[in-house]
$ cat work.pdb   # PDB, C-alpha atoms, pLDDT in the B column
ATOM      1  CA  MET A 233       5.551  31.608   5.899  1.00 50.00           C
ATOM      2  CA  PRO A 234       4.549  28.659   3.643  1.00 62.00           C
ATOM      3  CA  ARG A 235       4.091  25.379   5.451  1.00 79.00           C
ATOM      4  CA  ARG A 236       6.398  22.508   4.521  1.00 92.00           C
ATOM      5  CA  PRO A 237       4.359  19.654   3.037  1.00 97.00           C
ATOM      6  CA  GLY A 238       4.400  16.515   5.084  1.00 97.00           C
ATOM      7  CA  GLN A 239       6.460  13.545   3.944  1.00 97.00           C
ATOM      8  CA  ILE A 240       4.446  10.636   2.519  1.00 98.00           C
ATOM      9  CA  VAL A 241       5.718   7.053   2.769  1.00 98.00           C
ATOM     10  CA  ILE A 242       3.642   4.484   0.861  1.00 98.00           C
ATOM     11  CA  LEU A 243       4.199   0.823   1.729  1.00 98.00           C
ATOM     12  CA  ASN A 244       2.984  -1.498  -1.023  1.00 98.00           C
ATOM     13  CA  GLY A 245       2.871  -5.264  -0.608  1.00 98.00           C
ATOM     14  CA  ALA A 246       0.774  -8.373  -0.191  1.00 96.00           C
ATOM     15  CA  PRO A 247      -1.256  -9.066   2.952  1.00 95.00           C
ATOM     16  CA  ARG A 248       0.938 -10.439   5.756  1.00 94.00           C
ATOM     17  CA  SER A 249       4.085  -9.122   4.110  1.00 96.00           C
ATOM     18  CA  GLY A 250       4.756  -6.904   7.136  1.00 96.00           C
ATOM     19  CA  LYS A 251       3.493  -3.493   6.040  1.00 97.00           C
ATOM     20  CA  SER A 252       1.518  -2.732   9.190  1.00 95.00           C
ATOM     21  CA  SER A 253       4.464  -3.596  11.426  1.00 96.00           C
ATOM     22  CA  ILE A 254       6.715  -1.254   9.452  1.00 98.00           C
ATOM     23  CA  ALA A 255       4.088   1.496   9.682  1.00 98.00           C
ATOM     24  CA  THR A 256       3.981   1.064  13.459  1.00 97.00           C
ATOM     25  CA  ALA A 257       7.776   1.195  13.645  1.00 98.00           C
ATOM     26  CA  ILE A 258       7.755   4.437  11.657  1.00 98.00           C
ATOM     27  CA  GLN A 259       5.157   5.948  13.972  1.00 98.00           C
ATOM     28  CA  ASN A 260       7.136   4.881  17.044  1.00 97.00           C
ATOM     29  CA  ARG A 261      10.620   5.837  15.853  1.00 97.00           C
ATOM     30  CA  PHE A 262      10.356   8.859  13.565  1.00 98.00           C
ATOM     31  CA  ASP A 263      10.177  12.390  14.920  1.00 96.00           C
ATOM     32  CA  GLY A 264       6.825  14.131  14.986  1.00 95.00           C
ATOM     33  CA  PRO A 265       3.273  12.848  14.569  1.00 95.00           C
ATOM     34  CA  TRP A 266       3.225  10.344  11.715  1.00 98.00           C
ATOM     35  CA  MET A 267      -0.349   9.596  10.695  1.00 97.00           C
ATOM     36  CA  ASN A 268      -1.385   6.212   9.239  1.00 96.00           C
ATOM     37  CA  LEU A 269      -4.038   6.175   6.496  1.00 93.00           C
ATOM     38  CA  GLY A 270      -3.557   2.588   5.425  1.00 88.00           C
ATOM     39  CA  VAL A 271      -5.983   0.076   3.986  1.00 91.00           C
ATOM     40  CA  ASP A 272      -7.010  -1.375   7.358  1.00 87.00           C
ATOM     41  CA  ALA A 273      -8.178   1.989   8.670  1.00 86.00           C
ATOM     42  CA  TYR A 274      -9.929   2.863   5.423  1.00 89.00           C
ATOM     43  CA  VAL A 275     -11.807  -0.424   5.082  1.00 88.00           C
ATOM     44  CA  ASP A 276     -13.079  -0.762   8.648  1.00 83.00           C
ATOM     45  CA  PRO A 277     -14.915   1.282   9.817  1.00 84.00           C
ATOM     46  CA  VAL A 278     -14.801   3.839   6.968  1.00 91.00           C
ATOM     47  CA  THR A 279     -16.214   1.659   4.165  1.00 93.00           C
ATOM     48  CA  PRO A 280     -19.818   0.442   4.569  1.00 94.00           C
ATOM     49  CA  GLU A 281     -19.868  -3.275   5.270  1.00 93.00           C
ATOM     50  CA  ARG A 282     -21.779  -4.199   2.105  1.00 94.00           C
ATOM     51  CA  TYR A 283     -19.052  -2.562  -0.032  1.00 94.00           C
ATOM     52  CA  ARG A 284     -16.127  -4.227   1.707  1.00 93.00           C
ATOM     53  CA  PRO A 285     -13.378  -5.139   1.236  1.00 93.00           C
ATOM     54  CA  GLY A 286     -13.341  -1.987  -0.918  1.00 94.00           C
ATOM     55  CA  ILE A 287      -9.737  -1.043  -1.674  1.00 95.00           C
ATOM     56  CA  GLY A 288      -8.723  -4.366  -0.124  1.00 94.00           C
ATOM     57  CA  LEU A 289     -10.399  -6.288  -2.964  1.00 95.00           C
ATOM     58  CA  ARG A 290      -8.193  -9.258  -3.849  1.00 94.00           C
ATOM     59  CA  PRO A 291      -6.726  -9.777  -7.326  1.00 96.00           C
ATOM     60  CA  GLY A 292      -8.482 -12.160  -9.681  1.00 94.00           C
ATOM     61  CA  GLY A 293     -11.713 -10.367 -10.583  1.00 93.00           C
ATOM     62  CA  GLU A 294     -13.727 -12.064  -7.840  1.00 90.00           C
ATOM     63  CA  ARG A 295     -16.171  -9.159  -7.228  1.00 94.00           C
ATOM     64  CA  PRO A 296     -16.868  -7.308 -10.493  1.00 95.00           C
ATOM     65  CA  ASP A 297     -19.978  -5.868  -8.826  1.00 95.00           C
ATOM     66  CA  LEU A 298     -17.702  -3.797  -6.554  1.00 96.00           C
ATOM     67  CA  GLU A 299     -15.077  -2.828  -9.078  1.00 96.00           C
ATOM     68  CA  GLY A 300     -16.849   0.295 -10.353  1.00 95.00           C
ATOM     69  CA  LEU A 301     -16.469   1.840  -6.903  1.00 97.00           C
ATOM     70  CA  ILE A 302     -12.819   0.940  -6.350  1.00 97.00           C
ATOM     71  CA  PRO A 303     -11.207   3.783  -8.396  1.00 97.00           C
ATOM     72  CA  ARG A 304     -13.254   6.382  -6.517  1.00 97.00           C
ATOM     73  CA  LEU A 305     -12.373   4.859  -3.153  1.00 97.00           C
ATOM     74  CA  TYR A 306      -8.682   4.942  -3.997  1.00 97.00           C
ATOM     75  CA  ALA A 307      -9.034   8.495  -5.322  1.00 97.00           C
ATOM     76  CA  ALA A 308     -10.700   9.575  -2.083  1.00 96.00           C
ATOM     77  CA  LEU A 309      -7.999   7.908   0.012  1.00 97.00           C
ATOM     78  CA  TYR A 310      -5.184   9.551  -1.929  1.00 98.00           C
ATOM     79  CA  GLU A 311      -6.880  12.952  -1.916  1.00 98.00           C
ATOM     80  CA  SER A 312      -7.021  12.568   1.886  1.00 97.00           C
ATOM     81  CA  VAL A 313      -3.330  11.690   1.901  1.00 98.00           C
ATOM     82  CA  ALA A 314      -2.614  14.814  -0.157  1.00 98.00           C
ATOM     83  CA  ALA A 315      -4.674  16.985   2.217  1.00 97.00           C
ATOM     84  CA  HIS A 316      -2.726  15.740   5.242  1.00 97.00           C
ATOM     85  CA  SER A 317       0.586  16.407   3.519  1.00 98.00           C
ATOM     86  CA  ARG A 318      -0.418  19.914   2.433  1.00 97.00           C
ATOM     87  CA  LEU A 319      -1.259  20.670   6.072  1.00 97.00           C
ATOM     88  CA  GLY A 320       2.277  19.692   7.058  1.00 97.00           C
ATOM     89  CA  LEU A 321       1.483  16.255   8.486  1.00 97.00           C
ATOM     90  CA  ASP A 322       3.814  13.357   7.763  1.00 98.00           C
ATOM     91  CA  LEU A 323       2.059  10.093   7.050  1.00 97.00           C
ATOM     92  CA  VAL A 324       2.556   6.455   6.199  1.00 98.00           C
ATOM     93  CA  VAL A 325       0.130   4.591   3.930  1.00 98.00           C
ATOM     94  CA  ASP A 326       0.166   0.783   3.886  1.00 97.00           C
ATOM     95  CA  VAL A 327      -1.714  -0.577   0.882  1.00 97.00           C
ATOM     96  CA  GLY A 328      -1.733  -3.440  -1.604  1.00 97.00           C
ATOM     97  CA  HIS A 329      -1.979  -2.058  -5.139  1.00 98.00           C
ATOM     98  CA  HIS A 330      -2.768  -4.356  -8.044  1.00 97.00           C
ATOM     99  CA  ASP A 331      -4.533  -4.071 -11.395  1.00 97.00           C
ATOM    100  CA  SER A 332      -5.805  -7.655 -11.604  1.00 96.00           C
ATOM    101  CA  TYR A 333      -9.524  -6.891 -11.686  1.00 97.00           C
ATOM    102  CA  SER A 334     -11.999  -8.282 -14.210  1.00 96.00           C
ATOM    103  CA  GLN A 335     -10.606  -5.507 -16.399  1.00 95.00           C
ATOM    104  CA  PRO A 336      -7.634  -3.167 -15.799  1.00 95.00           C
ATOM    105  CA  LEU A 337      -8.531  -0.034 -13.838  1.00 96.00           C
ATOM    106  CA  GLY A 338      -5.214   1.853 -13.913  1.00 96.00           C
ATOM    107  CA  ILE A 339      -5.572   2.912 -10.284  1.00 97.00           C
ATOM    108  CA  LEU A 340      -1.927   3.246  -9.246  1.00 98.00           C
ATOM    109  CA  PRO A 341      -0.935   5.837 -11.900  1.00 98.00           C
ATOM    110  CA  ASP A 342      -4.039   7.875 -11.052  1.00 97.00           C
ATOM    111  CA  CYS A 343      -3.184   7.756  -7.341  1.00 98.00           C
ATOM    112  CA  ALA A 344       0.347   8.881  -8.142  1.00 98.00           C
ATOM    113  CA  ARG A 345      -1.000  11.792 -10.186  1.00 97.00           C
ATOM    114  CA  ARG A 346      -3.060  12.956  -7.210  1.00 98.00           C
ATOM    115  CA  LEU A 347       0.122  13.394  -5.154  1.00 98.00           C
ATOM    116  CA  THR A 348       1.929  15.489  -7.784  1.00 97.00           C
ATOM    117  CA  GLY A 349       4.179  18.079  -6.172  1.00 96.00           C
ATOM    118  CA  LEU A 350       4.234  16.351  -2.776  1.00 97.00           C
ATOM    119  CA  PRO A 351       7.181  14.416  -1.298  1.00 96.00           C
ATOM    120  CA  VAL A 352       6.452  10.690  -1.731  1.00 97.00           C
ATOM    121  CA  LEU A 353       8.628   7.659  -1.052  1.00 97.00           C
ATOM    122  CA  PHE A 354       7.161   4.531  -2.633  1.00 98.00           C
ATOM    123  CA  VAL A 355       8.388   1.383  -0.866  1.00 98.00           C
ATOM    124  CA  GLY A 356       7.914  -2.160  -2.112  1.00 98.00           C
ATOM    125  CA  VAL A 357       7.472  -4.516   0.845  1.00 98.00           C
ATOM    126  CA  ARG A 358       8.467  -8.001  -0.238  1.00 98.00           C
ATOM    127  CA  CYS A 359       8.330 -11.317   1.560  1.00 97.00           C
ATOM    128  CA  PRO A 360       8.698 -14.890   0.222  1.00 96.00           C
ATOM    129  CA  ILE A 361       5.382 -16.662  -0.136  1.00 95.00           C
ATOM    130  CA  GLU A 362       6.515 -19.425   2.239  1.00 94.00           C
ATOM    131  CA  ILE A 363       6.966 -16.907   5.040  1.00 94.00           C
ATOM    132  CA  ILE A 364       3.630 -15.281   4.242  1.00 94.00           C
ATOM    133  CA  MET A 365       1.941 -18.675   4.526  1.00 92.00           C
ATOM    134  CA  GLU A 366       3.617 -19.293   7.886  1.00 90.00           C
ATOM    135  CA  ARG A 367       2.181 -16.017   9.137  1.00 89.00           C
ATOM    136  CA  ARG A 368      -1.258 -16.824   7.743  1.00 83.00           C
ATOM    137  CA  ASN A 369      -1.263 -20.337   9.156  1.00 81.00           C
ATOM    138  CA  HIS A 370      -0.583 -19.036  12.641  1.00 75.00           C
ATOM    139  CA  GLY A 371      -4.222 -17.962  12.658  1.00 54.00           C
ATOM    140  CA  GLN A 372      -3.726 -14.223  13.033  1.00 48.00           C
ATOM    141  CA  VAL A 373      -6.897 -12.225  12.484  1.00 44.00           C
ATOM    142  CA  GLY A 374      -7.250  -9.999   9.439  1.00 45.00           C
ATOM    143  CA  ARG A 375      -9.736  -7.282   8.464  1.00 41.00           C
ATOM    144  CA  ALA A 376     -12.687  -9.605   7.881  1.00 41.00           C
ATOM    145  CA  GLY A 377     -11.824 -12.612  10.031  1.00 45.00           C
ATOM    146  CA  LEU A 378      -8.973 -15.057   9.645  1.00 47.00           C
ATOM    147  CA  TYR A 379      -6.568 -14.715   6.767  1.00 58.00           C
ATOM    148  CA  ALA A 380      -6.880 -17.459   4.170  1.00 62.00           C
ATOM    149  CA  THR A 381      -4.747 -20.411   5.247  1.00 59.00           C
ATOM    150  CA  GLY A 382      -3.383 -23.467   3.495  1.00 57.00           C
ATOM    151  CA  THR A 383      -4.980 -26.915   3.407  1.00 58.00           C
ATOM    152  CA  PRO A 384      -3.504 -30.326   2.482  1.00 58.00           C
ATOM    153  CA  ASP A 385      -5.201 -30.073  -0.912  1.00 60.00           C
ATOM    154  CA  GLU A 386      -4.150 -26.464  -1.478  1.00 60.00           C
ATOM    155  CA  PRO A 387      -1.098 -25.539   0.640  1.00 59.00           C
ATOM    156  CA  ILE A 388      -0.978 -22.080  -0.952  1.00 82.00           C
ATOM    157  CA  PRO A 389      -4.464 -20.700  -1.745  1.00 87.00           C
ATOM    158  CA  ALA A 390      -4.955 -19.159  -5.181  1.00 89.00           C
ATOM    159  CA  PRO A 391      -5.585 -15.625  -3.804  1.00 89.00           C
ATOM    160  CA  VAL A 392      -2.242 -15.744  -1.990  1.00 93.00           C
ATOM    161  CA  ARG A 393      -0.425 -16.706  -5.182  1.00 94.00           C
ATOM    162  CA  LEU A 394      -2.205 -13.923  -7.057  1.00 95.00           C
ATOM    163  CA  TRP A 395      -1.272 -11.319  -4.470  1.00 96.00           C
ATOM    164  CA  GLN A 396       2.353 -12.397  -4.689  1.00 95.00           C
ATOM    165  CA  SER A 397       2.460 -12.074  -8.473  1.00 93.00           C
ATOM    166  CA  GLU A 398       0.245  -9.008  -8.981  1.00 97.00           C
ATOM    167  CA  VAL A 399       0.970  -6.601  -6.146  1.00 98.00           C
ATOM    168  CA  HIS A 400       4.430  -5.617  -7.378  1.00 97.00           C
ATOM    169  CA  LYS A 401       3.474  -4.763 -10.948  1.00 97.00           C
ATOM    170  CA  PRO A 402       4.890  -2.678 -12.576  1.00 96.00           C
ATOM    171  CA  GLY A 403       7.606  -2.805  -9.892  1.00 96.00           C
ATOM    172  CA  ILE A 404       8.577   0.874  -9.965  1.00 97.00           C
ATOM    173  CA  TYR A 405       9.811   1.768  -6.465  1.00 98.00           C
ATOM    174  CA  ASP A 406      12.115   4.185  -4.687  1.00 97.00           C
ATOM    175  CA  LEU A 407      13.106   1.483  -2.209  1.00 97.00           C
ATOM    176  CA  GLU A 408      12.398  -2.200  -1.603  1.00 98.00           C
ATOM    177  CA  VAL A 409      12.639  -4.112   1.679  1.00 98.00           C
ATOM    178  CA  ASP A 410      12.356  -7.828   2.476  1.00 98.00           C
ATOM    179  CA  THR A 411      10.686  -8.530   5.803  1.00 97.00           C
ATOM    180  CA  SER A 412      11.931 -12.115   5.870  1.00 96.00           C
ATOM    181  CA  VAL A 413      15.442 -10.819   6.544  1.00 97.00           C
ATOM    182  CA  LEU A 414      14.787  -7.378   8.054  1.00 97.00           C
ATOM    183  CA  SER A 415      12.826  -6.554  11.205  1.00 98.00           C
ATOM    184  CA  PRO A 416      10.181  -3.798  11.068  1.00 98.00           C
ATOM    185  CA  GLU A 417      12.612  -1.523  12.899  1.00 98.00           C
ATOM    186  CA  ALA A 418      15.382  -2.280  10.389  1.00 98.00           C
ATOM    187  CA  CYS A 419      12.994  -1.575   7.513  1.00 98.00           C
ATOM    188  CA  ALA A 420      12.037   1.725   9.134  1.00 98.00           C
ATOM    189  CA  GLY A 421      15.732   2.525   9.490  1.00 98.00           C
ATOM    190  CA  ARG A 422      16.320   1.958   5.775  1.00 98.00           C
ATOM    191  CA  ILE A 423      13.341   4.172   4.978  1.00 98.00           C
ATOM    192  CA  ARG A 424      14.700   6.911   7.270  1.00 97.00           C
ATOM    193  CA  ARG A 425      18.129   6.792   5.634  1.00 96.00           C
ATOM    194  CA  THR A 426      16.575   6.948   2.167  1.00 96.00           C
ATOM    195  CA  LEU A 427      14.474   9.961   3.158  1.00 96.00           C
ATOM    196  CA  ASP A 428      17.590  11.714   4.452  1.00 94.00           C
ATOM    197  CA  LYS A 429      19.324  11.455   1.067  1.00 90.00           C
ATOM    198  CA  ARG A 430      18.955  14.273  -1.428  1.00 72.00           C
ATOM    199  CA  ARG A 431      17.225  12.985  -4.580  1.00 72.00           C
ATOM    200  CA  THR A 432      17.697  14.450  -8.047  1.00 73.00           C
ATOM    201  CA  GLU A 433      16.207  11.770 -10.311  1.00 83.00           C
ATOM    202  CA  PRO A 434      12.424  11.415 -10.780  1.00 90.00           C
ATOM    203  CA  THR A 435      10.779   9.578  -7.930  1.00 95.00           C
ATOM    204  CA  ALA A 436       8.784   6.395  -8.437  1.00 97.00           C
ATOM    205  CA  PHE A 437       5.492   8.251  -8.085  1.00 97.00           C
ATOM    206  CA  GLU A 438       6.566  10.894 -10.589  1.00 96.00           C
ATOM    207  CA  ARG A 439       7.302   8.110 -13.074  1.00 97.00           C
ATOM    208  CA  LEU A 440       4.004   6.367 -12.307  1.00 97.00           C
ATOM    209  CA  ALA A 441       2.019   9.603 -12.593  1.00 97.00           C
ATOM    210  CA  ALA A 442       3.295   9.971 -16.149  1.00 95.00           C
ATOM    211  CA  LEU A 443       1.431   6.747 -16.994  1.00 93.00           C
ATOM    212  CA  ALA A 444      -1.970   8.162 -15.953  1.00 89.00           C
ATOM    213  CA  PRO A 445      -4.417   9.186 -18.726  1.00 83.00           C
ATOM    214  CA  VAL A 446      -4.676  12.966 -18.793  1.00 67.00           C
ATOM    215  CA  THR A 447      -8.469  12.763 -19.000  1.00 54.00           C
ATOM    216  CA  GLN A 448      -8.812  10.837 -15.693  1.00 47.00           C
ATOM    217  CA  SER A 449     -10.169  12.922 -12.800  1.00 48.00           C
TER     218      SER A 449
END

$ encode --input "work.pdb" --output "structure tokens"
Amino acid sequence: MPRRPGQIVILNGAPRSGKSSIATAIQNRFDGPWMNLGVDAYVDPVTPERYRPGIGLRPGGERPDLEGLIPRLYAALYESVAAHSRLGLDLVVDVGHHDSYSQPLGILPDCARRLTGLPVLFVGVRCPIEIIMERRNHGQVGRAGLYATGTPDEPIPAPVRLWQSEVHKPGIYDLEVDTSVLSPEACAGRIRRTLDKRRTEPTAFERLAALAPVTQS
């Protein structure tokens, strides 16, 4: 008997927007083993240190020397996501997609194309920049040390502003949540209810996949 493909939930948002907390809530509350293949797990320890932050590279074109590798890293991550789903494993993926490199790389449509035929819910995780700065300024540790925090001369660092403006382009989602007004558990509840609804219109990833060049591999 054919195996049911696993459900894929992709959480897209800026650092400190609350993606990881939602992923944990999904793993704790949803039935069955929900795997997490998010950016944190893929960067450390998977990516060699000299190539980090890899898929966590911030918007703004700050490391053009790494950019040639980024599409392949994303492709490998999403092929791994597809493999898990085809084996019947549900999984949540918390990432921060953007196309603000030294030149556009078109990564998100290519990632969407790699999940063609699989059940994907693409969730935009939003949070006002003031709340994100509060979380950063509390000194919580990120992947490579402390998250960038504000100073009197620059209350909101440029990378934080770029994340806020670039991560939600083009803004095609199946669902959006705001973690400044919803707890991780409430966000997970909204995701669960959305998954339980029967969908007839094209999903966000189906629409994004249509934007991918047919020659990209």

$ residues_around --input "work.pdb" --residues "segment 277-282 of chain A" --least-positions-apart "5" --cutoff "12 Å" --atoms "all atoms listed in the file" --output "PDB file with C-alpha atoms, keeping the file's coordinate frame"
ATOM      1  CA  LEU A 269      -4.038   6.175   6.496  1.00 93.00           C
ATOM      2  CA  GLY A 270      -3.557   2.588   5.425  1.00 88.00           C
ATOM      3  CA  VAL A 271      -5.983   0.076   3.986  1.00 91.00           C
ATOM      4  CA  ASP A 272      -7.010  -1.375   7.358  1.00 87.00           C
ATOM      5  CA  ILE A 287      -9.737  -1.043  -1.674  1.00 95.00           C
ATOM      6  CA  GLY A 288      -8.723  -4.366  -0.124  1.00 94.00           C
ATOM      7  CA  ARG A 295     -16.171  -9.159  -7.228  1.00 94.00           C
ATOM      8  CA  ASP A 297     -19.978  -5.868  -8.826  1.00 95.00           C
ATOM      9  CA  LEU A 298     -17.702  -3.797  -6.554  1.00 96.00           C
ATOM     10  CA  LEU A 301     -16.469   1.840  -6.903  1.00 97.00           C
ATOM     11  CA  ILE A 302     -12.819   0.940  -6.350  1.00 97.00           C
ATOM     12  CA  LEU A 305     -12.373   4.859  -3.153  1.00 97.00           C
ATOM     13  CA  TYR A 306      -8.682   4.942  -3.997  1.00 97.00           C
ATOM     14  CA  ALA A 308     -10.700   9.575  -2.083  1.00 96.00           C
ATOM     15  CA  LEU A 309      -7.999   7.908   0.012  1.00 97.00           C
ATOM     16  CA  ARG A 375      -9.736  -7.282   8.464  1.00 41.00           C
ATOM     17  CA  ALA A 376     -12.687  -9.605   7.881  1.00 41.00           C
TER      18      ALA A 376
END

$ atom_distance --input "work.pdb" --atom1 "atom CA of Pro391 of chain A" --atom2 "atom CA of Val325 of chain A"
22.4 Å

$ resolve_selection --input "work.pdb" --expression "the PyMOL selection byres ((chain A and resi 432-440) around 7)" --output "short mmCIF file (atom, residue, chain, number, x, y, z; two decimals) with C-alpha atoms, keeping the file's coordinate frame"
data_model
loop_
_atom_site.label_atom_id
_atom_site.label_comp_id
_atom_site.auth_asym_id
_atom_site.auth_seq_id
_atom_site.Cartn_x
_atom_site.Cartn_y
_atom_site.Cartn_z
CA PRO A 341 -0.94 5.84 -11.90
CA ALA A 344 0.35 8.88 -8.14
CA VAL A 352 6.45 10.69 -1.73
CA PHE A 354 7.16 4.53 -2.63
CA ILE A 404 8.58 0.87 -9.96
CA TYR A 405 9.81 1.77 -6.46
CA ASP A 406 12.12 4.18 -4.69
CA ARG A 430 18.95 14.27 -1.43
CA ARG A 431 17.23 12.98 -4.58
CA ALA A 441 2.02 9.60 -12.59
CA ALA A 442 3.30 9.97 -16.15
CA LEU A 443 1.43 6.75 -16.99
#

$ residues_around --input "work.pdb" --residues "Pro296 of chain A" --least-positions-apart "2" --cutoff "9 Å" --atoms "all atoms listed in the file" --output "list of chain:residue names"
A:Gly293, A:Glu294, A:Leu298, A:Glu299, A:Gly300, A:Tyr333, A:Ser334, A:Gln335

$ resolve_selection --input "work.pdb" --expression "the PyMOL selection byres ((chain A and resi 392) around 10)" --output "JSON, numbers by chain"
{"A": [246, 247, 248, 290, 291, 361, 364, 365, 368, 379, 380, 381, 382, 388, 389, 390, 391, 393, 394, 395, 396, 397]}

$ closest_residue --input "work.pdb" --among "A:Thr256, A:Ser332, A:Thr348, A:Ser415" --to "Arg318 of chain A" --atoms "only C-alpha atoms"
A:Thr348

$ residues_around --input "work.pdb" --residues "Leu319 of chain A" --least-positions-apart "3" --cutoff "9 Å" --atoms "all atoms listed in the file" --output "number ranges by chain"
A: 235-238, 314-316

$ closest_residue --input "work.pdb" --among "A:Val275, A:Asp263, A:Pro303, A:Leu353" --to "Pro336 of chain A" --atoms "only C-alpha atoms"
A:Pro303
